[in-house]
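Containing PDB, C-alpha atoms: protein-v3.pdb.
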```pdb
ATOM      1  CA  MET A   1     -30.318  -7.652  74.573
ATOM      2  CA  MET A   2     -30.610  -4.033  73.507
ATOM      3  CA  LYS A   3     -32.446  -1.973  76.078
ATOM      4  CA  LYS A   4     -35.344   0.190  74.935
ATOM      5  CA  ARG A   5     -34.314   3.838  75.109
ATOM      6  CA  VAL A   6     -36.734   5.872  77.223
ATOM      7  CA  LEU A   7     -37.011   9.666  77.242
ATOM      8  CA  LEU A   8     -38.480  11.210  80.422
ATOM      9  CA  VAL A   9     -40.186  14.598  80.070
ATOM     10  CA  ASP A  10     -41.393  16.162  83.321
ATOM     11  CA  ASP A  11     -40.615  19.485  84.972
ATOM     12  CA  HIS A  12     -40.331  17.906  88.429
ATOM     13  CA  LYS A  13     -36.911  16.389  89.087
ATOM     14  CA  ILE A  14     -38.255  14.152  91.845
ATOM     15  CA  VAL A  15     -40.734  12.603  89.407
ATOM     16  CA  ARG A  16     -38.010  11.982  86.831
ATOM     17  CA  SER A  17     -35.762  10.475  89.516
ATOM     18  CA  GLY A  18     -38.525   8.135  90.675
ATOM     19  CA  LEU A  19     -39.293   7.027  87.119
ATOM     20  CA  ARG A  20     -35.606   6.543  86.370
ATOM     21  CA  ALA A  21     -35.171   4.346  89.445
ATOM     22  CA  LEU A  22     -38.230   2.311  88.464
ATOM     23  CA  ILE A  23     -37.190   1.857  84.836
ATOM     24  CA  GLU A  24     -33.527   1.109  85.545
ATOM     25  CA  MET A  25     -34.587  -1.920  87.611
ATOM     26  CA  GLU A  26     -35.705  -3.593  84.367
ATOM     27  CA  ASP A  27     -33.230  -5.518  82.189
ATOM     28  CA  ASP A  28     -34.916  -4.512  78.921
ATOM     29  CA  LEU A  29     -35.440  -0.788  79.611
ATOM     30  CA  GLY A  30     -33.143   2.157  80.202
ATOM     31  CA  VAL A  31     -33.486   5.920  80.565
ATOM     32  CA  ALA A  32     -31.526   7.449  77.682
ATOM     33  CA  GLY A  33     -32.533  11.061  78.239
ATOM     34  CA  GLU A  34     -34.341  13.491  80.535
ATOM     35  CA  ALA A  35     -35.997  16.810  79.800
ATOM     36  CA  ALA A  36     -37.459  19.291  82.269
ATOM     37  CA  SER A  37     -39.593  21.001  79.637
ATOM     38  CA  GLY A  38     -41.241  20.501  76.278
ATOM     39  CA  LEU A  39     -38.604  22.627  74.563
ATOM     40  CA  GLU A  40     -35.786  20.525  76.053
ATOM     41  CA  ALA A  41     -37.542  17.378  74.845
ATOM     42  CA  LEU A  42     -37.756  18.708  71.287
ATOM     43  CA  GLN A  43     -34.053  19.575  71.344
ATOM     44  CA  LEU A  44     -33.172  16.062  72.514
ATOM     45  CA  VAL A  45     -35.209  14.184  69.885
ATOM     46  CA  ARG A  46     -33.574  16.265  67.164
ATOM     47  CA  LYS A  47     -30.162  14.971  68.294
ATOM     48  CA  GLU A  48     -30.840  11.439  69.581
ATOM     49  CA  SER A  49     -33.208   8.548  68.932
ATOM     50  CA  PHE A  50     -35.542   7.096  71.564
ATOM     51  CA  ASP A  51     -37.927   4.142  71.571
ATOM     52  CA  ILE A  52     -40.551   5.919  73.689
ATOM     53  CA  ALA A  53     -41.156   9.249  75.395
ATOM     54  CA  ILE A  54     -42.974   9.504  78.727
ATOM     55  CA  LEU A  55     -44.571  12.926  78.792
ATOM     56  CA  ASP A  56     -46.244  15.078  81.452
ATOM     57  CA  ILE A  57     -49.059  17.478  80.505
ATOM     58  CA  SER A  58     -48.496  20.404  82.861
ATOM     59  CA  MET A  59     -45.117  22.029  82.115
ATOM     60  CA  PRO A  60     -44.034  25.671  82.289
ATOM     61  CA  ASP A  61     -42.805  26.597  78.811
ATOM     62  CA  LYS A  62     -44.693  24.255  76.468
ATOM     63  CA  ASN A  63     -47.554  22.138  77.741
ATOM     64  CA  GLY A  64     -47.852  18.444  76.996
ATOM     65  CA  VAL A  65     -50.626  18.935  74.435
ATOM     66  CA  ASP A  66     -48.355  21.114  72.273
ATOM     67  CA  THR A  67     -45.267  19.005  72.970
ATOM     68  CA  LEU A  68     -47.088  15.848  71.846
ATOM     69  CA  ARG A  69     -48.007  17.524  68.552
ATOM     70  CA  ASP A  70     -44.442  18.745  67.966
ATOM     71  CA  LEU A  71     -42.878  15.407  68.878
ATOM     72  CA  GLN A  72     -45.112  13.695  66.329
ATOM     73  CA  ARG A  73     -44.083  16.205  63.681
ATOM     74  CA  ILE A  74     -40.347  15.942  64.398
ATOM     75  CA  CYS A  75     -40.157  12.238  65.257
ATOM     76  CA  PRO A  76     -43.340  10.501  64.046
ATOM     77  CA  GLN A  77     -41.948   7.005  64.615
ATOM     78  CA  MET A  78     -41.435   7.583  68.370
ATOM     79  CA  PRO A  79     -44.505   6.645  70.454
ATOM     80  CA  VAL A  80     -45.553   8.722  73.439
ATOM     81  CA  LEU A  81     -46.994   7.628  76.790
ATOM     82  CA  ILE A  82     -48.698  10.400  78.741
ATOM     83  CA  LEU A  83     -48.067  10.143  82.492
ATOM     84  CA  SER A  84     -50.002  12.937  84.149
ATOM     85  CA  GLY A  85     -51.281  14.195  87.457
ATOM     86  CA  PHE A  86     -54.632  14.798  85.762
ATOM     87  CA  ALA A  87     -57.159  11.958  85.962
ATOM     88  CA  GLN A  88     -57.749   9.938  82.802
ATOM     89  CA  GLU A  89     -61.310  11.174  82.288
ATOM     90  CA  GLN A  90     -60.032  14.758  81.994
ATOM     91  CA  TYR A  91     -57.562  14.444  79.126
ATOM     92  CA  ALA A  92     -57.110  10.865  77.967
ATOM     93  CA  LEU A  93     -59.666  10.677  75.151
ATOM     94  CA  ASN A  94     -58.550  13.941  73.566
ATOM     95  CA  LEU A  95     -54.877  12.971  73.716
ATOM     96  CA  ILE A  96     -55.471   9.447  72.410
ATOM     97  CA  ARG A  97     -57.212  11.079  69.451
ATOM     98  CA  SER A  98     -54.203  13.386  69.110
ATOM     99  CA  GLY A  99     -51.861  10.420  68.749
ATOM    100  CA  CYS A 100     -50.443   9.397  72.115
ATOM    101  CA  ARG A 101     -50.205   5.615  72.495
ATOM    102  CA  GLY A 102     -51.267   5.451  76.128
ATOM    103  CA  TYR A 103     -52.337   7.558  79.099
ATOM    104  CA  LEU A 104     -51.767   6.867  82.786
ATOM    105  CA  SER A 105     -52.240   8.902  85.938
ATOM    106  CA  LYS A 106     -49.141   9.416  88.062
ATOM    107  CA  ASP A 107     -50.718   7.401  90.853
ATOM    108  CA  ALA A 108     -50.744   4.278  88.645
ATOM    109  CA  ASP A 109     -49.044   1.208  90.092
ATOM    110  CA  PRO A 110     -45.340   0.919  89.152
ATOM    111  CA  GLU A 111     -46.042  -2.472  87.565
ATOM    112  CA  GLU A 112     -48.649  -0.903  85.284
ATOM    113  CA  ILE A 113     -46.262   1.847  84.194
ATOM    114  CA  ILE A 114     -43.646  -0.739  83.211
ATOM    115  CA  ARG A 115     -46.281  -2.845  81.451
ATOM    116  CA  ALA A 116     -47.490   0.201  79.500
ATOM    117  CA  ILE A 117     -43.937   1.047  78.392
ATOM    118  CA  ARG A 118     -43.369  -2.488  77.116
ATOM    119  CA  VAL A 119     -46.706  -2.686  75.312
ATOM    120  CA  ILE A 120     -46.138   0.655  73.575
ATOM    121  CA  CYS A 121     -42.541  -0.190  72.652
ATOM    122  CA  ALA A 122     -43.907  -3.353  71.034
ATOM    123  CA  GLY A 123     -45.956  -1.177  68.688
ATOM    124  CA  ARG A 124     -49.345  -1.376  70.378
ATOM    125  CA  ARG A 125     -51.535   1.039  72.308
ATOM    126  CA  TYR A 126     -51.832   0.675  76.045
ATOM    127  CA  LEU A 127     -55.329   1.105  77.424
ATOM    128  CA  SER A 128     -55.810   0.857  81.164
ATOM    129  CA  MET A 129     -59.076  -0.627  82.380
ATOM    130  CA  GLU A 130     -60.341   2.884  83.175
ATOM    131  CA  LEU A 131     -59.458   4.216  79.729
ATOM    132  CA  ALA A 132     -60.968   1.193  78.009
ATOM    133  CA  ASP A 133     -64.197   1.884  79.909
ATOM    134  CA  LEU A 134     -64.097   5.548  78.817
ATOM    135  CA  LEU A 135     -63.663   4.537  75.180
ATOM    136  CA  ALA A 136     -66.449   1.992  75.442
ATOM    137  CA  THR A 137     -68.757   4.617  76.936
ATOM    138  CA  GLU A 138     -67.872   7.022  74.122
ATOM    139  CA  LEU A 139     -68.767   4.406  71.515
ATOM    140  CA  THR A 140     -72.014   3.251  73.129
ATOM    141  CA  HIS A 141     -73.199   6.579  74.566
ATOM    142  CA  PRO A 142     -71.668   9.388  72.469
ATOM    143  CA  SER A 143     -74.189  11.870  73.846
ATOM    144  CA  GLU A 144     -72.572  11.484  77.275
ATOM    145  CA  LYS A 145     -69.328  13.111  76.134
ATOM    146  CA  ARG A 146     -68.233  16.134  78.099
ATOM    147  CA  LEU A 147     -68.150  19.346  76.090
ATOM    148  CA  HIS A 148     -64.385  19.492  75.568
ATOM    149  CA  GLU A 149     -64.410  15.893  74.312
ATOM    150  CA  THR A 150     -66.519  16.981  71.315
ATOM    151  CA  LEU A 151     -63.720  19.226  70.022
ATOM    152  CA  SER A 152     -61.376  18.274  67.203
ATOM    153  CA  GLU A 153     -57.639  18.052  67.922
ATOM    154  CA  ARG A 154     -56.977  21.601  66.681
ATOM    155  CA  GLU A 155     -60.060  22.997  68.410
ATOM    156  CA  PHE A 156     -58.920  21.403  71.658
ATOM    157  CA  GLN A 157     -55.465  23.011  71.303
ATOM    158  CA  VAL A 158     -57.018  26.443  70.767
ATOM    159  CA  PHE A 159     -59.475  25.891  73.634
ATOM    160  CA  PHE A 160     -56.664  24.891  75.996
ATOM    161  CA  LYS A 161     -54.597  27.965  75.124
ATOM    162  CA  LEU A 162     -57.526  30.371  75.360
ATOM    163  CA  ALA A 163     -58.522  28.887  78.716
ATOM    164  CA  SER A 164     -54.913  29.332  79.888
ATOM    165  CA  GLY A 165     -55.069  33.045  79.107
ATOM    166  CA  LYS A 166     -53.227  33.175  75.781
ATOM    167  CA  SER A 167     -54.237  35.881  73.300
ATOM    168  CA  PRO A 168     -55.222  35.057  69.686
ATOM    169  CA  THR A 169     -51.932  36.604  68.518
ATOM    170  CA  GLU A 170     -49.894  34.397  70.880
ATOM    171  CA  ILE A 171     -51.858  31.318  69.828
ATOM    172  CA  ALA A 172     -51.387  32.163  66.152
ATOM    173  CA  ASP A 173     -47.611  32.411  66.657
ATOM    174  CA  GLU A 174     -47.424  29.154  68.608
ATOM    175  CA  LEU A 175     -49.589  27.137  66.203
ATOM    176  CA  PHE A 176     -48.277  28.777  63.000
ATOM    177  CA  LEU A 177     -51.747  30.012  62.083
ATOM    178  CA  SER A 178     -53.142  33.410  61.141
ATOM    179  CA  VAL A 179     -54.949  35.421  63.803
ATOM    180  CA  LYS A 180     -58.061  35.194  61.618
ATOM    181  CA  THR A 181     -57.888  31.391  61.614
ATOM    182  CA  VAL A 182     -57.473  31.336  65.403
ATOM    183  CA  SER A 183     -60.531  33.577  65.708
ATOM    184  CA  THR A 184     -62.472  31.135  63.525
ATOM    185  CA  TYR A 185     -61.455  28.230  65.782
ATOM    186  CA  ARG A 186     -62.391  30.283  68.849
ATOM    187  CA  THR A 187     -65.861  30.857  67.410
ATOM    188  CA  ARG A 188     -66.284  27.130  66.719
ATOM    189  CA  VAL A 189     -65.132  26.201  70.211
ATOM    190  CA  LEU A 190     -67.523  28.644  71.873
ATOM    191  CA  GLU A 191     -70.421  27.401  69.725
ATOM    192  CA  LYS A 192     -69.699  23.715  70.376
ATOM    193  CA  MET A 193     -69.332  24.281  74.099
ATOM    194  CA  ASN A 194     -72.289  26.670  74.296
ATOM    195  CA  LEU A 195     -70.151  29.350  75.935
ATOM    196  CA  LYS A 196     -69.792  33.058  75.223
ATOM    197  CA  THR A 197     -66.423  34.397  76.396
ATOM    198  CA  ASN A 198     -62.814  33.410  77.052
ATOM    199  CA  ALA A 199     -63.569  33.788  80.752
ATOM    200  CA  ASP A 200     -66.262  31.118  80.348
ATOM    201  CA  LEU A 201     -63.657  28.820  78.787
ATOM    202  CA  THR A 202     -61.277  29.421  81.690
ATOM    203  CA  TYR A 203     -64.011  28.768  84.243
ATOM    204  CA  TYR A 204     -64.981  25.551  82.444
ATOM    205  CA  ALA A 205     -61.353  24.382  82.327
ATOM    206  CA  ILE A 206     -60.821  25.068  86.045
ATOM    207  CA  LYS A 207     -64.121  23.485  87.020
ATOM    208  CA  ASN A 208     -63.260  20.335  85.033
ATOM    209  CA  GLU A 209     -59.684  20.350  86.391
ATOM    210  CA  LEU A 210     -58.125  20.765  82.941
ATOM    211  CA  ILE A 211     -55.989  23.610  84.251
ATOM    212  CA  SER A 212     -55.018  24.511  87.793
TER     213      SER A 212
END
```
In structure tokens, what does this structure look like?
Amino acid sequence: MMKKRVLLVDDHKIVRSGLRALIEMEDDLGVAGEAASGLEALQLVRKESFDIAILDISMPDKNGVDTLRDLQRICPQMPVLILSGFAQEQYALNLIRSGCRGYLSKDADPEEIIRAIRVICAGRRYLSMELADLLATELTHPSEKRLHETLSEREFQVFFKLASGKSPTEIADELFLSVKTVSTYRTRVLEKMNLKTNADLTYYAIKNELIS
């Protein structure tokens, strides 16, 4: 039986080592590559093929939100499972909308992580009970969405970068947009979130534990 090829993307070696040990215990799964950053992950998928990538959100050079987008552009057939230290209610809905096939917190049970990998490799989405509840709440009570959950995928990317202290010029370079377009997105984000300044965005992101 051919093992499913797993790519691990996390800037903490101890996390990658723990995941590798967990995955290598399974007869049908194997770790075929490791990356300590988003940029390393992009280099790997350009050279090798993988059945699934397990991706962290918080990384030094390229965060998981941007890495997810780039992985989908470079290797659209490869599904991505987000495994993050951030709780599901903070990021999961936005990233599911952005195309990841599942989202788990790093404190998930090992059995659930393996189950999620298998489900996603089989071509389906993996929704934990908590995430299924979040999606159900969104469908039945859309007015209860938190402000950042009302943003489109691109608006969320711009919001995240602004809140992290990036300038419009830096964001334009990273997203291949004009500075004018970034400014337009910034205006939309501030209006939707009923905020006035970039400092307000940063405060919101810290308060809601979207950045640390």
For each of A:Ile82, A:Leu93, A:Leu175, A:Ala108, take the minimum atom-to-atom distance to A:His148, counting all atoms listed in the file, then give the residue where this is smallest.
-> A:Leu93
Decode the PyMOL selection byres ((chain A and resi 12) around 12) for the given file into explicit residues and return them as a PyMOL selection string.
-> chain A and resi 8-11+13-19+34-37+55-60+84-85
Test item: the PyMOL selection byres ((chain A and resi 113-116) around 9) resolved as an mmCIF file with C-alpha atoms, in the coordinates of the input:
```cif
data_model
loop_
_atom_site.group_PDB
_atom_site.id
_atom_site.type_symbol
_atom_site.label_atom_id
_atom_site.label_comp_id
_atom_site.auth_asym_id
_atom_site.auth_seq_id
_atom_site.Cartn_x
_atom_site.Cartn_y
_atom_site.Cartn_z
ATOM 1 C CA LEU A 22 -38.230 2.311 88.464
ATOM 2 C CA ILE A 23 -37.190 1.857 84.836
ATOM 3 C CA GLU A 26 -35.705 -3.593 84.367
ATOM 4 C CA LEU A 29 -35.440 -0.788 79.611
ATOM 5 C CA LEU A 81 -46.994 7.628 76.790
ATOM 6 C CA LEU A 83 -48.067 10.143 82.492
ATOM 7 C CA GLY A 102 -51.267 5.451 76.128
ATOM 8 C CA TYR A 103 -52.337 7.558 79.099
ATOM 9 C CA LEU A 104 -51.767 6.867 82.786
ATOM 10 C CA LYS A 106 -49.141 9.416 88.062
ATOM 11 C CA ALA A 108 -50.744 4.278 88.645
ATOM 12 C CA ASP A 109 -49.044 1.208 90.092
ATOM 13 C CA PRO A 110 -45.340 0.919 89.152
ATOM 14 C CA GLU A 111 -46.042 -2.472 87.565
ATOM 15 C CA GLU A 112 -48.649 -0.903 85.284
ATOM 16 C CA ILE A 117 -43.937 1.047 78.392
ATOM 17 C CA ARG A 118 -43.369 -2.488 77.116
ATOM 18 C CA VAL A 119 -46.706 -2.686 75.312
ATOM 19 C CA ILE A 120 -46.138 0.655 73.575
ATOM 20 C CA CYS A 121 -42.541 -0.190 72.652
ATOM 21 C CA ARG A 125 -51.535 1.039 72.308
ATOM 22 C CA TYR A 126 -51.832 0.675 76.045
ATOM 23 C CA LEU A 127 -55.329 1.105 77.424
ATOM 24 C CA SER A 128 -55.810 0.857 81.164
#
```
For the structure provided, state which residues fall under the PyMOL selection byres ((chain A and resi 98) around 10), and present them as a list in words.
-> Val65, Leu68, Arg69, Gln72, Ala92, Leu93, Asn94, Leu95, Ile96, Arg97, Gly99, Cys100, Arg101, Ser152, Glu153, Arg154, Phe156 and Gln157 of chain A
Of the listed residues A:Arg20, A:Lys3, A:Lys196, A:Lys166, that which approaches A:Phe50 most closely, counting only C-alpha atoms =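 Among the listed residues, the smallest separation from A:Phe50 belongs to A:Lys3.
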Using only C-alpha atoms, find the one residue out of A:Lys192, A:Asp66, A:Ile206, A:Glu24 that sits nearest to A:Ile171.
->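 Distance minimum relative to A:Ile171 lands on A:Asp66.
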Selected residue of minimal separation from A:Leu131 among A:Ser164, A:Val6, A:Phe159, A:Tyr91, counting only C-alpha atoms =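 Of A:Ser164, A:Val6, A:Phe159, A:Tyr91, the one nearest A:Leu131, counting only C-alpha atoms, is A:Tyr91.
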All residues 8 Å or closer to A:Glu155, all atoms listed in the file, same chain fewer than 3 positions away omitted, as a PyMOL selection string | chain A and resi 151-152+158-159+185-186+188-189
Which residue, A:Leu147, A:Ala132, A:Ala53, A:Ala122, has the smallest gap to A:Arg5 when you use all atoms listed in the file?
->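 Using all atoms listed in the file, A:Arg5 sits closest to A:Ala53.
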Who sits within 12 Å of A:Ile74, only C-alpha atoms, same chain under 2 positions skipped, as a PyMOL selection string = chain A and resi 41-49+67-72+76-79
Please produce a file of the residues just selected, as an mmCIF file, keeping the file's coordinate frame, where the atoms kept are C-alpha atoms.
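And here's out-v8.cif as it stands now:
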```
data_model
loop_
_atom_site.group_PDB
_atom_site.id
_atom_site.type_symbol
_atom_site.label_atom_id
_atom_site.label_comp_id
_atom_site.auth_asym_id
_atom_site.auth_seq_id
_atom_site.Cartn_x
_atom_site.Cartn_y
_atom_site.Cartn_z
ATOM 1 C CA ALA A 41 -37.542 17.378 74.845
ATOM 2 C CA LEU A 42 -37.756 18.708 71.287
ATOM 3 C CA GLN A 43 -34.053 19.575 71.344
ATOM 4 C CA LEU A 44 -33.172 16.062 72.514
ATOM 5 C CA VAL A 45 -35.209 14.184 69.885
ATOM 6 C CA ARG A 46 -33.574 16.265 67.164
ATOM 7 C CA LYS A 47 -30.162 14.971 68.294
ATOM 8 C CA GLU A 48 -30.840 11.439 69.581
ATOM 9 C CA SER A 49 -33.208 8.548 68.932
ATOM 10 C CA THR A 67 -45.267 19.005 72.970
ATOM 11 C CA LEU A 68 -47.088 15.848 71.846
ATOM 12 C CA ARG A 69 -48.007 17.524 68.552
ATOM 13 C CA ASP A 70 -44.442 18.745 67.966
ATOM 14 C CA LEU A 71 -42.878 15.407 68.878
ATOM 15 C CA GLN A 72 -45.112 13.695 66.329
ATOM 16 C CA PRO A 76 -43.340 10.501 64.046
ATOM 17 C CA GLN A 77 -41.948 7.005 64.615
ATOM 18 C CA MET A 78 -41.435 7.583 68.370
ATOM 19 C CA PRO A 79 -44.505 6.645 70.454
#
```
Counting only C-alpha atoms, the residue of A:Met129, A:Leu177, A:Ala199, A:Leu39 that sits nearest A:Leu162 = A:Ala199
Work out how far apart atom CA of A:Ser105 and atom CA of A:Glu130 are and give it in Å to one decimal.
->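 Computing it gives 10.5 Å between the two atoms.
The space separating atom CA of A:Ile52 from atom CA of A:Glu209 comes to 27.1 Å.
Here atom CA of A:Lys207 stands at a distance of 24.5 Å from atom CA of A:Ala136.
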